[in-house]
>>> print(open('query-v2.tsv').read())   # TSV, C-alpha atoms
chain	number	residue	atom	x	y	z
A	1004	MET	CA	118.49	85.14	62.25
A	1005	GLU	CA	117.21	83.46	65.39
A	1006	TYR	CA	114.62	80.68	65.01
A	1007	ARG	CA	111.99	79.83	67.63
A	1008	GLN	CA	109.46	77.07	68.15
A	1009	LEU	CA	105.99	78.01	66.94
A	1010	GLY	CA	104.01	77.54	70.11
A	1011	ALA	CA	104.10	73.97	71.41
A	1012	SER	CA	104.78	72.51	67.97
A	1013	GLY	CA	108.08	71.12	66.71
A	1014	PHE	CA	108.03	73.69	63.88
A	1015	LYS	CA	110.66	76.44	63.97
A	1016	VAL	CA	110.13	79.87	62.44
A	1017	PRO	CA	112.41	82.92	62.11
A	1018	VAL	CA	111.82	85.64	64.69
A	1019	LEU	CA	111.06	88.01	61.84
A	1020	SER	CA	108.59	87.15	59.07
A	1021	PHE	CA	107.78	89.22	56.01
A	1022	GLY	CA	104.20	90.40	55.53
A	1023	THR	CA	102.91	90.73	51.98
A	1024	GLY	CA	100.15	93.26	52.62
A	1025	THR	CA	102.11	95.66	50.40
A	1026	PHE	CA	102.06	93.24	47.44
A	1027	GLY	CA	99.56	93.88	44.65
A	1028	GLY	CA	98.10	97.25	45.62
A	1029	LYS	CA	94.48	96.52	44.69
A	1030	GLY	CA	91.71	98.43	46.45
A	1031	GLU	CA	91.80	101.60	48.53
A	1032	LEU	CA	93.08	99.98	51.74
A	1033	PHE	CA	95.87	97.89	50.25
A	1034	SER	CA	96.97	100.47	47.70
A	1035	ALA	CA	97.60	102.77	50.69
A	1036	TRP	CA	99.94	100.11	52.10
A	1037	GLY	CA	101.88	99.63	48.87
A	1038	ASN	CA	101.73	98.32	45.32
A	1039	THR	CA	104.75	96.04	45.05
A	1040	GLY	CA	104.86	94.10	41.78
A	1041	VAL	CA	106.57	90.82	40.99
A	1042	ALA	CA	110.01	92.22	40.12
A	1043	GLU	CA	110.31	94.26	43.31
A	1044	ALA	CA	108.81	91.44	45.38
A	1045	ARG	CA	111.42	89.06	44.03
A	1046	ARG	CA	114.16	91.49	45.09
A	1047	LEU	CA	112.66	91.83	48.59
A	1048	VAL	CA	112.51	88.04	48.91
A	1049	ASP	CA	116.18	87.89	47.89
A	1050	ILE	CA	117.11	90.30	50.69
A	1051	CYS	CA	115.01	88.38	53.21
A	1052	LEU	CA	116.58	85.03	52.34
A	1053	ASP	CA	120.08	86.50	52.48
A	1054	ALA	CA	119.29	87.68	56.03
A	1055	GLY	CA	117.84	84.31	57.08
A	1056	LEU	CA	114.24	85.53	57.04
A	1057	THR	CA	112.46	82.61	55.39
A	1058	MET	CA	108.79	82.99	56.37
A	1059	PHE	CA	106.34	85.01	54.28
A	1060	ASP	CA	102.82	85.82	55.44
A	1061	SER	CA	99.81	86.58	53.26
A	1062	ALA	CA	96.02	86.26	53.13
A	1063	ASP	CA	93.37	85.67	50.50
A	1064	ILE	CA	91.86	89.13	51.02
A	1065	TYR	CA	95.13	91.01	50.55
A	1066	SER	CA	94.52	92.89	47.30
A	1067	ASP	CA	91.77	90.38	46.42
A	1068	GLY	CA	94.27	87.53	46.24
A	1069	GLU	CA	96.84	89.47	44.23
A	1070	ALA	CA	99.29	89.48	47.16
A	1071	GLU	CA	99.37	85.68	47.17
A	1072	SER	CA	99.83	85.65	43.39
A	1073	VAL	CA	102.75	88.09	43.55
A	1074	LEU	CA	104.33	86.09	46.37
A	1075	GLY	CA	103.94	82.89	44.38
A	1076	GLU	CA	105.76	84.42	41.44
A	1077	ALA	CA	108.47	85.89	43.66
A	1078	ILE	CA	109.35	82.53	45.24
A	1079	LYS	CA	109.06	80.48	42.05
A	1080	GLY	CA	111.91	78.00	41.80
A	1081	ARG	CA	112.81	78.21	45.49
A	1082	ARG	CA	109.76	76.91	47.32
A	1083	ASP	CA	112.01	74.57	49.32
A	1084	ARG	CA	113.80	77.59	50.83
A	1085	VAL	CA	110.73	79.43	52.15
A	1086	LEU	CA	107.94	78.98	54.65
A	1087	ILE	CA	104.48	80.25	53.70
A	1088	SER	CA	101.74	81.33	56.06
A	1089	THR	CA	98.40	82.58	54.79
A	1090	LYS	CA	94.89	83.16	56.04
A	1091	ALA	CA	91.24	82.73	55.08
A	1092	THR	CA	87.76	83.29	56.59
A	1093	PHE	CA	86.81	86.84	55.59
A	1094	ARG	CA	84.59	87.41	52.58
A	1095	ALA	CA	86.44	86.55	49.38
A	1096	GLY	CA	83.62	86.61	46.84
A	1097	GLU	CA	79.97	87.47	46.26
A	1098	ASP	CA	78.51	83.99	46.75
A	1099	ALA	CA	76.66	83.34	50.02
A	1100	ASN	CA	79.27	80.74	50.97
A	1101	ASP	CA	82.36	82.79	50.06
A	1102	VAL	CA	82.93	83.70	53.68
A	1103	GLY	CA	83.49	82.08	57.06
A	1104	SER	CA	85.06	78.88	58.35
A	1105	SER	CA	82.60	76.35	56.97
A	1106	ARG	CA	83.84	73.19	55.30
A	1107	TYR	CA	82.63	74.56	51.97
A	1108	HIS	CA	84.51	77.83	52.24
A	1109	LEU	CA	87.75	76.57	53.82
A	1110	LEU	CA	88.22	73.83	51.22
A	1111	LYS	CA	87.56	76.30	48.42
A	1112	ALA	CA	89.77	78.98	49.98
A	1113	CYS	CA	92.67	76.61	50.58
A	1114	ASP	CA	92.65	75.29	47.01
A	1115	ALA	CA	92.46	78.84	45.62
A	1116	ALA	CA	95.38	79.95	47.79
A	1117	LEU	CA	97.48	76.96	46.70
A	1118	LYS	CA	96.84	77.85	43.07
A	1119	ARG	CA	97.73	81.53	43.52
A	1120	LEU	CA	100.85	80.69	45.51
A	1121	GLY	CA	101.96	78.10	42.98
A	1122	THR	CA	102.53	75.42	45.60
A	1123	ASP	CA	100.96	72.18	46.76
A	1124	TYR	CA	101.19	72.87	50.50
A	1125	ILE	CA	100.97	75.73	53.00
A	1126	ASP	CA	103.20	75.63	56.06
A	1127	LEU	CA	100.88	77.60	58.35
A	1128	PHE	CA	97.19	78.09	57.55
A	1129	GLN	CA	95.32	80.50	59.83
A	1130	LEU	CA	91.70	81.47	60.29
A	1131	HIS	CA	91.58	85.24	59.79
A	1132	GLY	CA	88.70	85.68	62.22
A	1133	PHE	CA	86.23	83.69	64.33
A	1134	ASP	CA	83.10	82.41	62.59
A	1135	ALA	CA	80.32	82.15	65.17
A	1136	MET	CA	77.90	80.83	62.52
A	1137	THR	CA	79.85	77.61	61.90
A	1138	PRO	CA	80.21	74.86	64.54
A	1139	VAL	CA	83.79	74.70	65.83
A	1140	GLU	CA	83.67	70.93	65.20
A	1141	GLU	CA	83.01	71.50	61.49
A	1142	THR	CA	85.88	73.95	61.18
A	1143	LEU	CA	88.41	71.80	63.00
A	1144	SER	CA	87.43	68.59	61.22
A	1145	THR	CA	87.95	70.40	57.91
A	1146	LEU	CA	91.39	71.60	58.96
A	1147	ASP	CA	92.18	68.04	60.09
A	1148	ASP	CA	91.25	66.78	56.60
A	1149	LEU	CA	93.49	69.41	55.00
A	1150	VAL	CA	96.41	68.40	57.23
A	1151	ARG	CA	95.89	64.70	56.45
A	1152	ALA	CA	95.72	65.54	52.74
A	1153	GLY	CA	99.10	67.29	52.99
A	1154	LYS	CA	97.72	70.64	51.86
A	1155	ILE	CA	98.52	72.39	55.15
A	1156	ARG	CA	101.02	71.50	57.85
A	1157	TYR	CA	100.17	73.63	60.88
A	1158	THR	CA	97.09	75.60	61.88
A	1159	GLY	CA	96.54	78.87	63.65
A	1160	VAL	CA	94.07	81.68	64.21
A	1161	SER	CA	93.98	85.45	64.05
A	1162	ASN	CA	91.87	88.08	65.80
A	1163	PHE	CA	90.22	85.53	68.13
A	1164	SER	CA	88.99	86.35	71.62
A	1165	GLY	CA	90.32	84.23	74.43
A	1166	TRP	CA	87.18	82.12	74.68
A	1167	HIS	CA	87.13	81.56	70.91
A	1168	LEU	CA	90.62	80.09	71.06
A	1169	MET	CA	90.10	78.12	74.26
A	1170	LYS	CA	86.85	76.56	73.01
A	1171	SER	CA	88.64	75.55	69.81
A	1172	GLN	CA	91.50	73.92	71.72
A	1173	ALA	CA	89.03	72.00	73.88
A	1174	VAL	CA	87.19	70.67	70.81
A	1175	ALA	CA	90.50	69.72	69.19
A	1176	ASP	CA	91.47	67.77	72.28
A	1177	ARG	CA	88.08	66.05	72.47
A	1178	TYR	CA	88.20	64.70	68.92
A	1179	GLY	CA	91.94	64.45	68.32
A	1180	TYR	CA	92.07	67.26	65.75
A	1181	PRO	CA	95.25	69.35	65.31
A	1182	ARG	CA	95.54	72.05	67.98
A	1183	TYR	CA	96.15	75.63	66.99
A	1184	VAL	CA	99.82	76.47	67.56
A	1185	ALA	CA	99.77	80.08	66.32
A	1186	ASN	CA	97.81	83.22	67.10
A	1187	GLN	CA	98.40	86.01	64.58
A	1188	THR	CA	97.66	88.91	66.84
A	1189	TYR	CA	97.91	92.69	66.97
A	1190	TYR	CA	100.60	93.61	69.50
A	1191	SER	CA	102.83	96.67	69.77
A	1192	LEU	CA	104.23	99.14	72.26
A	1193	ILE	CA	101.07	101.20	71.78
A	1194	GLY	CA	98.74	98.18	71.63
A	1195	ARG	CA	99.33	95.90	74.60
A	1196	ASP	CA	95.83	94.44	75.06
A	1197	TYR	CA	97.24	91.07	73.95
A	1198	GLU	CA	99.00	90.79	77.30
A	1199	TRP	CA	95.84	90.76	79.39
A	1200	GLU	CA	94.28	87.43	78.39
A	1201	LEU	CA	95.67	86.09	75.11
A	1202	MET	CA	99.28	86.03	76.31
A	1203	PRO	CA	98.55	83.98	79.47
A	1204	LEU	CA	96.38	81.69	77.30
A	1205	GLY	CA	99.26	81.31	74.85
A	1206	LEU	CA	101.62	80.29	77.64
A	1207	ASP	CA	99.12	77.83	79.10
A	1208	GLN	CA	98.04	76.29	75.78
A	1209	GLY	CA	101.28	76.41	73.81
A	1210	VAL	CA	100.12	78.98	71.23
A	1211	GLY	CA	102.86	81.17	69.77
A	1212	ALA	CA	102.20	84.79	68.87
A	1213	VAL	CA	102.65	85.77	65.22
A	1214	VAL	CA	102.61	89.54	65.68
A	1215	TRP	CA	100.97	91.73	63.06
A	1216	SER	CA	101.36	95.51	62.81
A	1217	PRO	CA	104.23	95.60	65.32
A	1218	LEU	CA	104.76	99.31	64.65
A	1219	GLY	CA	101.28	100.24	65.81
A	1220	TRP	CA	99.59	100.63	62.42
A	1221	GLY	CA	102.50	102.73	61.13
A	1222	ARG	CA	102.66	105.07	64.13
A	1223	LEU	CA	106.05	103.89	65.44
A	1224	THR	CA	108.08	104.51	62.31
A	1225	GLY	CA	109.93	107.38	63.96
A	1226	LYS	CA	108.25	109.92	61.68
A	1227	LEU	CA	105.41	110.99	64.01
A	1228	ARG	CA	106.32	113.69	66.50
A	1229	ARG	CA	104.41	115.88	68.91
A	1230	GLY	CA	103.11	119.02	67.21
A	1231	ALA	CA	104.18	117.91	63.72
A	1232	PRO	CA	101.78	117.04	60.87
A	1233	LEU	CA	101.58	113.56	59.41
A	1234	PRO	CA	104.30	112.87	56.85
A	1235	ALA	CA	103.05	113.29	53.29
A	1236	THR	CA	103.67	109.61	52.47
A	1237	SER	CA	102.07	108.12	55.60
A	1238	ARG	CA	99.44	105.44	55.04
A	1239	LEU	CA	97.62	106.88	58.07
A	1240	HIS	CA	96.05	109.52	55.79
A	1241	LYS	CA	93.82	106.81	54.31
A	1242	THR	CA	93.88	104.05	56.95
A	1243	GLY	CA	94.16	105.87	60.28
A	1244	ASP	CA	90.43	105.53	61.01
A	1245	ILE	CA	90.34	101.84	60.04
A	1246	GLY	CA	93.03	100.43	62.31
A	1247	PRO	CA	93.49	100.50	66.10
A	1248	GLN	CA	92.84	103.90	67.62
A	1249	VAL	CA	95.49	105.53	69.80
A	1250	ASP	CA	95.25	108.62	71.97
A	1251	ASN	CA	97.78	111.16	70.70
A	1252	GLU	CA	99.16	112.07	74.12
A	1253	TYR	CA	99.72	108.39	74.92
A	1254	LEU	CA	101.41	107.88	71.53
A	1255	TYR	CA	103.78	110.81	72.06
A	1256	ARG	CA	104.63	109.60	75.58
A	1257	VAL	CA	105.73	106.27	74.12
A	1258	VAL	CA	107.58	107.95	71.24
A	1259	ASP	CA	109.44	110.14	73.75
A	1260	ALA	CA	110.61	106.99	75.57
A	1261	LEU	CA	111.61	105.41	72.26
A	1262	ASP	CA	113.61	108.50	71.35
A	1263	GLU	CA	115.42	108.33	74.67
A	1264	VAL	CA	116.34	104.68	74.17
A	1265	ALA	CA	117.34	105.44	70.57
A	1266	ARG	CA	119.90	107.95	71.83
A	1267	GLU	CA	121.25	105.36	74.26
A	1268	THR	CA	121.51	102.53	71.75
A	1269	GLY	CA	122.18	104.22	68.44
A	1270	LYS	CA	119.27	102.23	66.99
A	1271	SER	CA	116.21	103.61	65.19
A	1272	VAL	CA	112.74	103.94	66.70
A	1273	PRO	CA	111.29	101.06	64.62
A	1274	GLN	CA	114.22	98.79	65.49
A	1275	ILE	CA	113.71	99.43	69.19
A	1276	ALA	CA	109.94	98.85	68.96
A	1277	LEU	CA	110.52	95.53	67.17
A	1278	ASN	CA	113.29	94.43	69.54
A	1279	TRP	CA	111.03	95.12	72.53
A	1280	LEU	CA	108.44	92.74	71.07
A	1281	LEU	CA	111.04	90.01	70.54
A	1282	GLN	CA	111.66	89.96	74.30
A	1283	ARG	CA	108.00	89.44	75.23
A	1284	PRO	CA	106.59	86.09	76.41
A	1285	THR	CA	104.94	83.82	73.77
A	1286	VAL	CA	106.25	85.80	70.78
A	1287	SER	CA	107.40	83.34	68.11
A	1288	THR	CA	107.73	85.71	65.15
A	1289	VAL	CA	107.06	89.35	64.33
A	1290	VAL	CA	105.67	90.13	60.89
A	1291	ILE	CA	107.44	93.09	59.30
A	1292	GLY	CA	106.40	94.85	56.12
A	1293	ALA	CA	108.24	97.08	53.69
A	1294	ARG	CA	107.37	99.16	50.65
A	1295	ASN	CA	110.98	99.10	49.48
A	1296	GLU	CA	114.49	97.79	50.13
A	1297	GLU	CA	115.40	100.64	52.47
A	1298	GLN	CA	112.48	99.93	54.82
A	1299	LEU	CA	113.20	96.21	54.74
A	1300	GLN	CA	116.87	96.65	55.63
A	1301	GLN	CA	115.86	99.01	58.42
A	1302	ASN	CA	113.49	96.46	59.94
A	1303	LEU	CA	116.00	93.63	59.59
A	1304	GLY	CA	118.27	95.66	61.88
A	1305	ALA	CA	115.95	94.85	64.80
A	1306	VAL	CA	117.67	91.48	65.37
A	1307	GLY	CA	121.15	90.53	66.52
A	1308	TRP	CA	121.11	92.69	69.66
A	1309	SER	CA	118.94	93.16	72.75
A	1310	LEU	CA	117.63	96.02	74.82
A	1311	THR	CA	118.85	96.11	78.41
A	1312	LYS	CA	116.48	95.32	81.29
A	1313	GLU	CA	116.51	99.00	82.21
A	1314	GLN	CA	115.56	100.06	78.68
A	1315	VAL	CA	112.76	97.48	78.55
A	1316	ALA	CA	111.46	98.74	81.90
A	1317	LYS	CA	111.52	102.32	80.60
A	1318	LEU	CA	109.46	101.35	77.55
A	1319	ASP	CA	107.11	99.22	79.67
A	1320	LYS	CA	106.40	102.13	81.99
A	1321	ALA	CA	105.78	104.61	79.17
A	1322	SER	CA	103.40	102.27	77.31
A	1323	GLU	CA	101.45	100.80	80.22
A	1324	LEU	CA	97.73	101.52	80.45
A	1325	PRO	CA	95.29	100.67	83.24
A	1326	PRO	CA	93.80	97.24	82.50
A	1327	VAL	CA	90.05	96.66	82.27
A	1328	TYR	CA	88.17	94.38	84.65
A	1329	PRO	CA	88.87	91.62	85.68
A	1330	TYR	CA	92.54	92.11	84.90
A	1331	TRP	CA	93.09	95.03	87.26
A	1332	HIS	CA	91.51	92.97	90.04
A	1333	GLN	CA	93.65	89.93	89.28
A	1334	ARG	CA	96.79	91.96	89.88
A	1335	GLY	CA	95.91	91.86	93.58
A	1336	PHE	CA	96.26	88.07	93.56
A	1337	ALA	CA	99.69	87.81	91.98
A	1338	GLU	CA	100.75	85.36	94.71
A	1339	ARG	CA	98.75	82.61	92.95
A	1340	ASN	CA	97.94	84.27	89.63
A	1341	PRO	CA	101.26	85.76	88.46
A	1342	PRO	CA	101.61	87.86	85.30
A	1343	PRO	CA	103.20	86.25	82.22
A	1344	VAL	CA	106.99	86.00	82.22
>>> encode(input="query-v2.tsv", output="structure tokens")
Amino acid sequence: MEYRQLGASGFKVPVLSFGTGTFGGKGELFSAWGNTGVAEARRLVDICLDAGLTMFDSADIYSDGEAESVLGEAIKGRRDRVLISTKATFRAGEDANDVGSSRYHLLKACDAALKRLGTDYIDLFQLHGFDAMTPVEETLSTLDDLVRAGKIRYTGVSNFSGWHLMKSQAVADRYGYPRYVANQTYYSLIGRDYEWELMPLGLDQGVGAVVWSPLGWGRLTGKLRRGAPLPATSRLHKTGDIGPQVDNEYLYRVVDALDEVARETGKSVPQIALNWLLQRPTVSTVVIGARNEEQLQQNLGAVGWSLTKEQVAKLDKASELPPVYPYWHQRGFAERNPPPV
């Protein structure tokens, strides 16, 4: 397993991380993802560690905290062998202050996560979304306190716009607070918006991408084909309208290119989609999920080899979409404003 620096920090993470959205299975959304219990979670952690995958990602809203609890039980007795990343900000209770990035909520959320995870520190703590109702200074000073207290070690964000992240970095620099080194972002062969602004920002500011839903919300599993119905077990039956929307003709164009590369490489469609991401600028780690051992082993096969430049170019061409303004205009000034490499 290859390890990479997380952004501009000195912290190294495996290029594949394991996402625990399938742990717990509480609620309509997360039960559609999976309902992995402690025994199966422990087995999946065993497989990950054997493969060198040591980072496990969760969030307080995953199955109402149950995902963190299951993860905590699954890693019991081997905390020193794993890295934990988790997230908070979204509503996690009925109280008026059980939401957002205020000092009140972040302190409460961090302590609750530590208890559920059965640990006294979190390696990477990320804000799950931007809170425009709380001053950035309040949020960052709180995270600084948590770092100084030893409860968290590195900080990151998720689902931020470019200006959200850049404003936060500027405030961190002004007051000497820890800078964000991670951006947990949606990025896939059928979701390349990240490249337009957040990727150049990541290069400029030393923010590593922690990629979520790298298979396009379950659409790049190799099971979706032109003219064929959704597989009976697909989570898209319940979650297709919730996640990122994709035009079917565009999806099938990308899948056709993936199929072509699959024939050339002997690899599966998901392995190719994941390997493509691992060759993109700023990507520090790609979060994979699995309902069972078979899916996990399949995803682990995405590392240890590389697509050729010609295969990458083929996938790039099939998945490219016209950028929105001002990004299409900026392409005319590549002499002084080059694309990310």
>>> residues_around(input="query-v2.tsv", residues="region 1152-1169 of chain A", least_positions_apart="5", cutoff="8 Å", atoms="all atoms listed in the file", output="list in words")
Cys1113, Asp1123, Tyr1124, Ile1125, Asp1126, Leu1127, Phe1128, Gln1129, Leu1130, His1131, Gly1132, Phe1133, Leu1146, Pro1181, Arg1182, Tyr1183, Val1184, Ala1185, Asn1186, Gln1187, Thr1188, Tyr1189, Glu1200, Leu1201 and Leu1204 of chain A
>>> closest_atom_pairs(input="query-v2.tsv", of="region 1268-1331 of chain A", to="region 1024-1042 of chain A", cutoff="12 Å", atoms="all atoms listed in the file", output="Markdown table")
| residue | atom | partner | partner_atom | distance |
| --- | --- | --- | --- | --- |
| A:Val1290 | CA | A:Gly1024 | CA | 10.4 |
| A:Ile1291 | CA | A:Gly1024 | CA | 9.9 |
| A:Gly1292 | CA | A:Thr1025 | CA | 7.2 |
| A:Ala1293 | CA | A:Thr1025 | CA | 7.1 |
| A:Arg1294 | CA | A:Gly1037 | CA | 5.8 |
| A:Asn1295 | CA | A:Thr1039 | CA | 8.2 |
| A:Glu1296 | CA | A:Thr1039 | CA | 11.1 |
| A:Leu1299 | CA | A:Thr1025 | CA | 11.9 |
>>> closest_residue(input="query-v2.tsv", among="A:Pro1203, A:Arg1106, A:Ser1216, A:Ala1115", to="Glu1069 (chain A)", atoms="only C-alpha atoms")
A:Ala1115
>>> residues_around(input="query-v2.tsv", residues="region 1321-1326 of chain A", least_positions_apart="4", cutoff="8 Å", atoms="all atoms listed in the file", output="list in words")
Leu1192, Ile1193, Arg1195, Trp1199, Tyr1253, Arg1256, Val1257, Ala1260, Lys1317, Tyr1330 and Trp1331 of chain A
>>> write_last_selection(input="query-v2.tsv", atoms="C-alpha atoms", output="PDB file, in the frame of the given file")
ATOM      1  CA  LEU A1192     104.230  99.140  72.260  1.00  0.00           C
ATOM      2  CA  ILE A1193     101.070 101.200  71.780  1.00  0.00           C
ATOM      3  CA  ARG A1195      99.330  95.900  74.600  1.00  0.00           C
ATOM      4  CA  TRP A1199      95.840  90.760  79.390  1.00  0.00           C
ATOM      5  CA  TYR A1253      99.720 108.390  74.920  1.00  0.00           C
ATOM      6  CA  ARG A1256     104.630 109.600  75.580  1.00  0.00           C
ATOM      7  CA  VAL A1257     105.730 106.270  74.120  1.00  0.00           C
ATOM      8  CA  ALA A1260     110.610 106.990  75.570  1.00  0.00           C
ATOM      9  CA  LYS A1317     111.520 102.320  80.600  1.00  0.00           C
ATOM     10  CA  TYR A1330      92.540  92.110  84.900  1.00  0.00           C
ATOM     11  CA  TRP A1331      93.090  95.030  87.260  1.00  0.00           C
TER      12      TRP A1331
END
>>> closest_residue(input="query-v2.tsv", among="A:Ala1135, A:Leu1109, A:Val1289, A:Ala1054", to="Met1004 (chain A)", atoms="only C-alpha atoms")
A:Ala1054
>>> atom_distance(input="query-v2.tsv", atom1="CA of Gln1274 (chain A)", atom2="CA of Leu1047 (chain A)")
18.3 Å
>>> closest_residue(input="query-v2.tsv", among="A:Pro1138, A:Gly1205, A:Gly1179, A:Pro1273", to="Gly1103 (chain A)", atoms="only C-alpha atoms")
A:Pro1138
>>> residues_around(input="query-v2.tsv", residues="Gly1194 (chain A)", least_positions_apart="3", cutoff="8 Å", atoms="all atoms listed in the file", output="PyMOL selection string")
chain A and resi 1189-1191+1197+1219+1247
>>> closest_residue(input="query-v2.tsv", among="A:Ile1087, A:Leu1303, A:Leu1223, A:Val1174", to="Glu1005 (chain A)", atoms="all atoms listed in the file")
A:Leu1303
>>> atom_distance(input="query-v2.tsv", atom1="CA of Val1286 (chain A)", atom2="CA of Val1315 (chain A)")
15.5 Å
>>> atom_distance(input="query-v2.tsv", atom1="CA of Cys1051 (chain A)", atom2="CA of Phe1021 (chain A)")
7.8 Å
